[in-house]
Amino acid sequence: SSPTLATIQGRSHAIFVTRMNTISVDPESGNVRFRFPFGDRGATVNGATPLVFDDFLFVSSSYGVGANLSQIKGDGLKELWANDDVMSSQYSTCVYRDGFLYGTHGREDYKNGVLRCFEAQTGSVKWTVPGFGVAHLILVGDQLLLLDVEGKLRLADVSSTAYRELASASISDSTTRALPALSNGKFYFRDNGSAGGKLICLQLAE
């Protein structure tokens, strides 16, 4: 997965999820600040980007690895919870807003992906949307953009009480597995069509 750069309690952390571990490195010296086991051997993927909010670190995977929330304390950390029941994200990254995490739990190849909201510090699940599939999420103010692997783009409220979809559109006939981006009202995504797929830009807002 891609690394995350964060400053916590005056210390800089470059945080990586590798094949078998989550590691924080001092970006100036290269010294390891902390490390903990995260991953498994075999046909597994650690694709979700490590997520830092306040002084907390959240990492997630699937394949029996699950999710882990820890609190960073200086050059160490304290694990708050870890399991494979709350969030088992195959490669998509959760987003954080006002004490809650939102993401897709499950695997694309198993066709068991669900959209889920859960309380960050406890792992308590607040709501689940069955049959949603695997999707990438982008937080835009108090709304979510969600692009699933079948090329459907949705706009929804950010709410810990219920999933409220505001609009949806089919924007691709091909698989859309790559991470999308939003910049100045323009939505960029790559499909997995023939000849390497296409990079597409949609104007969503002026």
# chains A, B, ... in the order shown; residues from 1 in each chain; ligands from 1

$ select_by_dssp --residues "segment 36-195 of chain A" --states "strand (DSSP E or B)" --output "JSON, numbers by chain"
{"A": [36, 37, 51, 52, 53, 56, 57, 58, 59, 60, 67, 68, 69, 70, 71, 72, 73, 76, 77, 78, 79, 80, 81, 82, 83, 89, 95, 96, 97, 100, 101, 102, 103, 104, 105, 106, 114, 115, 116, 117, 118, 119, 125, 126, 127, 128, 129, 135, 136, 137, 138, 139, 140, 143, 144, 145, 146, 147, 148, 152, 153, 154, 155, 156, 157, 165, 166, 167, 168, 169, 170, 181, 182, 183, 186, 187, 188, 189, 190]}

$ residues_around --residues "Asn68 of chain A" --least-positions-apart "5" --cutoff "12 Å" --atoms "only C-alpha atoms" --output "short mmCIF file (atom, residue, chain, number, x, y, z; two decimals) with C-alpha atoms, in the first residue's frame"
data_model
loop_
_atom_site.label_atom_id
_atom_site.label_comp_id
_atom_site.auth_asym_id
_atom_site.auth_seq_id
_atom_site.Cartn_x
_atom_site.Cartn_y
_atom_site.Cartn_z
CA VAL A 17 2.03 -1.39 5.65
CA ASN A 21 4.14 -5.63 9.32
CA THR A 22 3.00 -2.07 9.93
CA PHE A 36 3.83 -4.49 14.81
CA PRO A 37 2.86 -7.69 12.94
CA PHE A 38 0.17 -7.12 10.33
CA GLY A 39 -0.27 -9.52 7.43
CA PRO A 50 -2.69 3.37 6.67
CA LEU A 51 -5.05 6.01 8.05
CA VAL A 52 -4.00 8.49 10.76
CA PHE A 56 -4.70 7.15 16.22
CA LEU A 57 -3.54 4.73 13.50
CA PHE A 58 -5.99 2.49 11.65
CA VAL A 59 -4.89 -0.27 9.27
CA SER A 60 -7.05 -2.84 7.53
CA SER A 61 -6.79 -5.85 5.25
CA SER A 62 -8.73 -9.00 4.36
CA LEU A 77 1.80 2.72 20.41
CA LYS A 78 -1.03 1.08 22.35
CA GLU A 79 -3.42 -1.31 20.60
CA LEU A 80 -7.09 -0.48 21.28
CA TRP A 81 -8.74 -3.24 19.28
CA ALA A 82 -8.02 -5.70 16.48
CA ASN A 83 -10.26 -8.25 14.74
CA ASP A 84 -11.46 -9.50 11.35
CA ASP A 85 -15.17 -8.92 12.02
CA VAL A 86 -15.55 -5.13 11.95
CA MET A 87 -13.60 -4.23 8.79
CA SER A 88 -11.99 -6.73 6.44
CA SER A 89 -11.15 -4.48 3.49
CA ALA A 120 -13.49 4.24 15.38
CA GLN A 121 -12.38 3.87 18.99
CA THR A 122 -14.60 0.91 19.88
CA GLY A 123 -15.16 -0.90 16.57
#

$ closest_residue --among "A:Gly47, A:Pro27, A:Gly42, A:Gly10" --to "Ile72 of chain A" --atoms "only C-alpha atoms"
A:Gly10

$ residues_around --residues "Gly103 of chain A" --least-positions-apart "2" --cutoff "8 Å" --atoms "only C-alpha atoms" --output "number ranges by chain"
A: 87, 89, 92-95, 101, 105, 115-117, 135-137

$ write_last_selection --atoms "N, CA, C and O atoms" --output "PDB file, in the first residue's frame"
ATOM      1  N   MET A  87     -13.978  -4.712  10.112  1.00  0.00           N
ATOM      2  CA  MET A  87     -13.595  -4.226   8.789  1.00  0.00           C
ATOM      3  C   MET A  87     -12.529  -5.137   8.207  1.00  0.00           C
ATOM      4  O   MET A  87     -11.407  -5.205   8.716  1.00  0.00           O
ATOM      5  N   SER A  89     -11.160  -5.148   4.800  1.00  0.00           N
ATOM      6  CA  SER A  89     -11.147  -4.481   3.489  1.00  0.00           C
ATOM      7  C   SER A  89     -10.066  -5.091   2.604  1.00  0.00           C
ATOM      8  O   SER A  89      -8.891  -5.092   2.956  1.00  0.00           O
ATOM      9  N   SER A  92      -9.463  -1.531  -0.452  1.00  0.00           N
ATOM     10  CA  SER A  92      -9.945  -0.158  -0.360  1.00  0.00           C
ATOM     11  C   SER A  92      -9.658   0.419   1.024  1.00  0.00           C
ATOM     12  O   SER A  92      -9.570  -0.303   2.014  1.00  0.00           O
ATOM     13  N   THR A  93      -9.518   1.760   1.083  1.00  0.00           N
ATOM     14  CA  THR A  93      -9.158   2.456   2.311  1.00  0.00           C
ATOM     15  C   THR A  93     -10.382   3.128   2.914  1.00  0.00           C
ATOM     16  O   THR A  93     -11.150   3.790   2.200  1.00  0.00           O
ATOM     17  N   CYS A  94     -10.568   2.998   4.217  1.00  0.00           N
ATOM     18  CA  CYS A  94     -11.662   3.676   4.907  1.00  0.00           C
ATOM     19  C   CYS A  94     -11.423   5.185   4.943  1.00  0.00           C
ATOM     20  O   CYS A  94     -10.293   5.662   4.759  1.00  0.00           O
ATOM     21  N   VAL A  95     -12.487   5.939   5.212  1.00  0.00           N
ATOM     22  CA  VAL A  95     -12.377   7.371   5.476  1.00  0.00           C
ATOM     23  C   VAL A  95     -12.912   7.637   6.877  1.00  0.00           C
ATOM     24  O   VAL A  95     -13.759   6.905   7.390  1.00  0.00           O
ATOM     25  N   LEU A 101     -15.654   5.638  11.165  1.00  0.00           N
ATOM     26  CA  LEU A 101     -14.978   5.189   9.950  1.00  0.00           C
ATOM     27  C   LEU A 101     -16.007   4.595   9.001  1.00  0.00           C
ATOM     28  O   LEU A 101     -16.957   3.924   9.421  1.00  0.00           O
ATOM     29  N   HIS A 105     -16.387  -3.626   3.519  1.00  0.00           N
ATOM     30  CA  HIS A 105     -15.948  -4.821   4.236  1.00  0.00           C
ATOM     31  C   HIS A 105     -16.252  -6.027   3.355  1.00  0.00           C
ATOM     32  O   HIS A 105     -17.390  -6.193   2.895  1.00  0.00           O
ATOM     33  N   LEU A 115     -21.073  -2.142   2.502  1.00  0.00           N
ATOM     34  CA  LEU A 115     -20.671  -0.824   2.974  1.00  0.00           C
ATOM     35  C   LEU A 115     -20.976  -0.748   4.459  1.00  0.00           C
ATOM     36  O   LEU A 115     -22.037  -1.202   4.902  1.00  0.00           O
ATOM     37  N   ARG A 116     -20.060  -0.128   5.219  1.00  0.00           N
ATOM     38  CA  ARG A 116     -20.207  -0.187   6.670  1.00  0.00           C
ATOM     39  C   ARG A 116     -19.725   1.111   7.319  1.00  0.00           C
ATOM     40  O   ARG A 116     -18.774   1.742   6.859  1.00  0.00           O
ATOM     41  N   CYS A 117     -20.410   1.483   8.420  1.00  0.00           N
ATOM     42  CA  CYS A 117     -19.985   2.567   9.293  1.00  0.00           C
ATOM     43  C   CYS A 117     -19.775   1.991  10.683  1.00  0.00           C
ATOM     44  O   CYS A 117     -20.616   1.230  11.172  1.00  0.00           O
ATOM     45  N   ALA A 135     -15.845  -0.913  -2.906  1.00  0.00           N
ATOM     46  CA  ALA A 135     -15.837   0.436  -3.471  1.00  0.00           C
ATOM     47  C   ALA A 135     -14.747   1.276  -2.830  1.00  0.00           C
ATOM     48  O   ALA A 135     -14.341   1.035  -1.693  1.00  0.00           O
ATOM     49  N   HIS A 136     -14.295   2.276  -3.577  1.00  0.00           N
ATOM     50  CA  HIS A 136     -13.411   3.308  -3.037  1.00  0.00           C
ATOM     51  C   HIS A 136     -14.265   4.488  -2.586  1.00  0.00           C
ATOM     52  O   HIS A 136     -15.234   4.859  -3.261  1.00  0.00           O
ATOM     53  N   LEU A 137     -13.872   5.108  -1.461  1.00  0.00           N
ATOM     54  CA  LEU A 137     -14.612   6.233  -0.907  1.00  0.00           C
ATOM     55  C   LEU A 137     -13.736   7.480  -0.892  1.00  0.00           C
ATOM     56  O   LEU A 137     -12.536   7.404  -0.598  1.00  0.00           O
TER      57      LEU A 137
END

$ residues_around --residues "segment 181-193 of chain A" --least-positions-apart "2" --cutoff "8 Å" --atoms "only C-alpha atoms" --output "list in words"
Ile138, Ser172, Ser174, Thr175, Thr176, Arg177, Ala178, Leu179, Ala195, Gly196, Gly197, Lys198, Leu199, Ile200, Cys201, Leu202, Gln203, Leu204, Ala205 and Glu206 of chain A

$ closest_residue --among "A:Lys73, A:Arg164, A:Arg19, A:Arg154" --to "Phe34 of chain A" --atoms "only C-alpha atoms"
A:Lys73

$ closest_residue --among "A:Tyr91, A:Trp127, A:Phe16, A:Tyr96" --to "Val149 of chain A" --atoms "only C-alpha atoms"
A:Tyr91

$ closest_residue --among "A:Asp55, A:Leu5, A:Leu69, A:Gly76" --to "Val32 of chain A" --atoms "only C-alpha atoms"
A:Gly76

$ decode --residues "segment 48-188 of chain A" --atoms "C-alpha atoms" --output "CSV table (one decimal), in the first residue's frame"
chain,number,residue,atom,x,y,z
A,48,ALA,CA,-5.4,-0.2,2.0
A,49,THR,CA,-3.4,2.9,2.9
A,50,PRO,CA,-2.7,3.4,6.7
A,51,LEU,CA,-5.0,6.0,8.1
A,52,VAL,CA,-4.0,8.5,10.8
A,53,PHE,CA,-6.5,10.7,12.6
A,54,ASP,CA,-5.7,12.7,15.8
A,55,ASP,CA,-3.1,10.4,17.4
A,56,PHE,CA,-4.7,7.2,16.2
A,57,LEU,CA,-3.5,4.7,13.5
A,58,PHE,CA,-6.0,2.5,11.6
A,59,VAL,CA,-4.9,-0.3,9.3
A,60,SER,CA,-7.0,-2.8,7.5
A,61,SER,CA,-6.8,-5.8,5.2
A,62,SER,CA,-8.7,-9.0,4.4
A,63,TYR,CA,-7.7,-12.7,4.0
A,64,GLY,CA,-8.1,-13.3,7.8
A,65,VAL,CA,-5.8,-10.3,8.7
A,66,GLY,CA,-8.6,-7.9,9.6
A,67,ALA,CA,-8.2,-4.4,11.1
A,68,ASN,CA,-6.3,-2.8,13.9
A,69,LEU,CA,-6.7,0.5,15.7
A,70,SER,CA,-3.8,1.8,17.9
A,71,GLN,CA,-3.0,5.0,19.7
A,72,ILE,CA,0.4,6.4,18.9
A,73,LYS,CA,2.4,7.4,22.0
A,74,GLY,CA,5.8,9.0,21.3
A,75,ASP,CA,7.8,6.3,19.5
A,76,GLY,CA,5.5,3.5,20.6
A,77,LEU,CA,1.8,2.7,20.4
A,78,LYS,CA,-1.0,1.1,22.3
A,79,GLU,CA,-3.4,-1.3,20.6
A,80,LEU,CA,-7.1,-0.5,21.3
A,81,TRP,CA,-8.7,-3.2,19.3
A,82,ALA,CA,-8.0,-5.7,16.5
A,83,ASN,CA,-10.3,-8.2,14.7
A,84,ASP,CA,-11.5,-9.5,11.4
A,85,ASP,CA,-15.2,-8.9,12.0
A,86,VAL,CA,-15.5,-5.1,11.9
A,87,MET,CA,-13.6,-4.2,8.8
A,88,SER,CA,-12.0,-6.7,6.4
A,89,SER,CA,-11.1,-4.5,3.5
A,90,GLN,CA,-9.5,-6.3,0.6
A,91,TYR,CA,-7.8,-3.2,-0.9
A,92,SER,CA,-9.9,-0.2,-0.4
A,93,THR,CA,-9.2,2.5,2.3
A,94,CYS,CA,-11.7,3.7,4.9
A,95,VAL,CA,-12.4,7.4,5.5
A,96,TYR,CA,-12.8,9.1,8.9
A,97,ARG,CA,-15.2,11.7,10.0
A,98,ASP,CA,-16.2,12.9,13.5
A,99,GLY,CA,-15.3,9.7,15.4
A,100,PHE,CA,-16.6,7.2,12.8
A,101,LEU,CA,-15.0,5.2,10.0
A,102,TYR,CA,-16.7,4.4,6.7
A,103,GLY,CA,-15.6,1.7,4.2
A,104,THR,CA,-16.3,-1.5,2.4
A,105,HIS,CA,-15.9,-4.8,4.2
A,106,GLY,CA,-15.5,-8.0,2.3
A,107,ARG,CA,-13.8,-9.3,-0.9
A,108,GLU,CA,-14.5,-8.6,-4.6
A,109,ASP,CA,-13.7,-12.2,-5.7
A,110,TYR,CA,-16.1,-13.5,-3.1
A,111,LYS,CA,-18.8,-11.0,-4.1
A,112,ASN,CA,-19.6,-10.4,-0.4
A,113,GLY,CA,-18.7,-6.7,-0.1
A,114,VAL,CA,-20.8,-4.5,2.2
A,115,LEU,CA,-20.7,-0.8,3.0
A,116,ARG,CA,-20.2,-0.2,6.7
A,117,CYS,CA,-20.0,2.6,9.3
A,118,PHE,CA,-18.4,1.9,12.7
A,119,GLU,CA,-17.2,3.8,15.7
A,120,ALA,CA,-13.5,4.2,15.4
A,121,GLN,CA,-12.4,3.9,19.0
A,122,THR,CA,-14.6,0.9,19.9
A,123,GLY,CA,-15.2,-0.9,16.6
A,124,SER,CA,-18.9,-0.9,17.2
A,125,VAL,CA,-20.7,-1.3,13.9
A,126,LYS,CA,-23.5,1.4,13.4
A,127,TRP,CA,-24.9,0.3,10.1
A,128,THR,CA,-24.2,-2.0,7.1
A,129,VAL,CA,-25.5,-2.0,3.5
A,130,PRO,CA,-25.6,-5.6,2.3
A,131,GLY,CA,-24.8,-6.3,-1.4
A,132,PHE,CA,-23.0,-3.0,-1.9
A,133,GLY,CA,-19.8,-4.6,-3.2
A,134,VAL,CA,-16.2,-3.3,-2.9
A,135,ALA,CA,-15.8,0.4,-3.5
A,136,HIS,CA,-13.4,3.3,-3.0
A,137,LEU,CA,-14.6,6.2,-0.9
A,138,ILE,CA,-13.7,9.9,-1.1
A,139,LEU,CA,-14.8,12.3,1.7
A,140,VAL,CA,-16.0,15.6,0.3
A,141,GLY,CA,-17.1,17.9,3.2
A,142,ASP,CA,-20.2,16.2,4.7
A,143,GLN,CA,-20.7,13.9,1.7
A,144,LEU,CA,-19.2,10.7,0.3
A,145,LEU,CA,-18.3,9.8,-3.2
A,146,LEU,CA,-18.3,6.1,-3.7
A,147,LEU,CA,-17.1,4.3,-6.8
A,148,ASP,CA,-17.6,0.6,-6.9
A,149,VAL,CA,-15.8,-2.0,-9.0
A,150,GLU,CA,-18.7,-2.3,-11.4
A,151,GLY,CA,-18.4,1.4,-12.5
A,152,LYS,CA,-21.2,2.8,-10.4
A,153,LEU,CA,-20.6,6.2,-8.8
A,154,ARG,CA,-22.8,7.2,-5.8
A,155,LEU,CA,-23.1,10.4,-3.7
A,156,ALA,CA,-24.3,9.9,-0.1
A,157,ASP,CA,-24.5,11.8,3.2
A,158,VAL,CA,-21.9,11.2,5.8
A,159,SER,CA,-24.0,9.9,8.7
A,160,SER,CA,-23.4,7.5,11.5
A,161,THR,CA,-27.1,6.8,11.9
A,162,ALA,CA,-28.0,5.5,8.4
A,163,TYR,CA,-26.8,5.3,4.8
A,164,ARG,CA,-28.6,8.0,2.8
A,165,GLU,CA,-27.9,7.9,-0.9
A,166,LEU,CA,-28.4,11.2,-2.7
A,167,ALA,CA,-27.6,10.3,-6.4
A,168,SER,CA,-26.0,7.6,-8.5
A,169,ALA,CA,-24.8,7.1,-12.1
A,170,SER,CA,-23.2,4.3,-14.1
A,171,ILE,CA,-20.0,5.8,-15.4
A,172,SER,CA,-18.2,2.8,-16.8
A,173,ASP,CA,-19.0,-0.6,-18.4
A,174,SER,CA,-15.6,-1.9,-17.3
A,175,THR,CA,-14.2,-2.9,-13.9
A,176,THR,CA,-13.1,0.2,-12.0
A,177,ARG,CA,-10.6,-1.1,-9.4
A,178,ALA,CA,-8.0,1.7,-9.4
A,179,LEU,CA,-8.1,4.4,-6.8
A,180,PRO,CA,-10.0,7.5,-8.0
A,181,ALA,CA,-9.2,11.1,-7.3
A,182,LEU,CA,-11.2,14.4,-6.9
A,183,SER,CA,-9.6,17.8,-7.7
A,184,ASN,CA,-11.4,21.2,-8.2
A,185,GLY,CA,-14.7,19.5,-9.0
A,186,LYS,CA,-13.2,17.0,-11.4
A,187,PHE,CA,-13.4,13.3,-10.8
A,188,TYR,CA,-10.6,11.1,-12.2
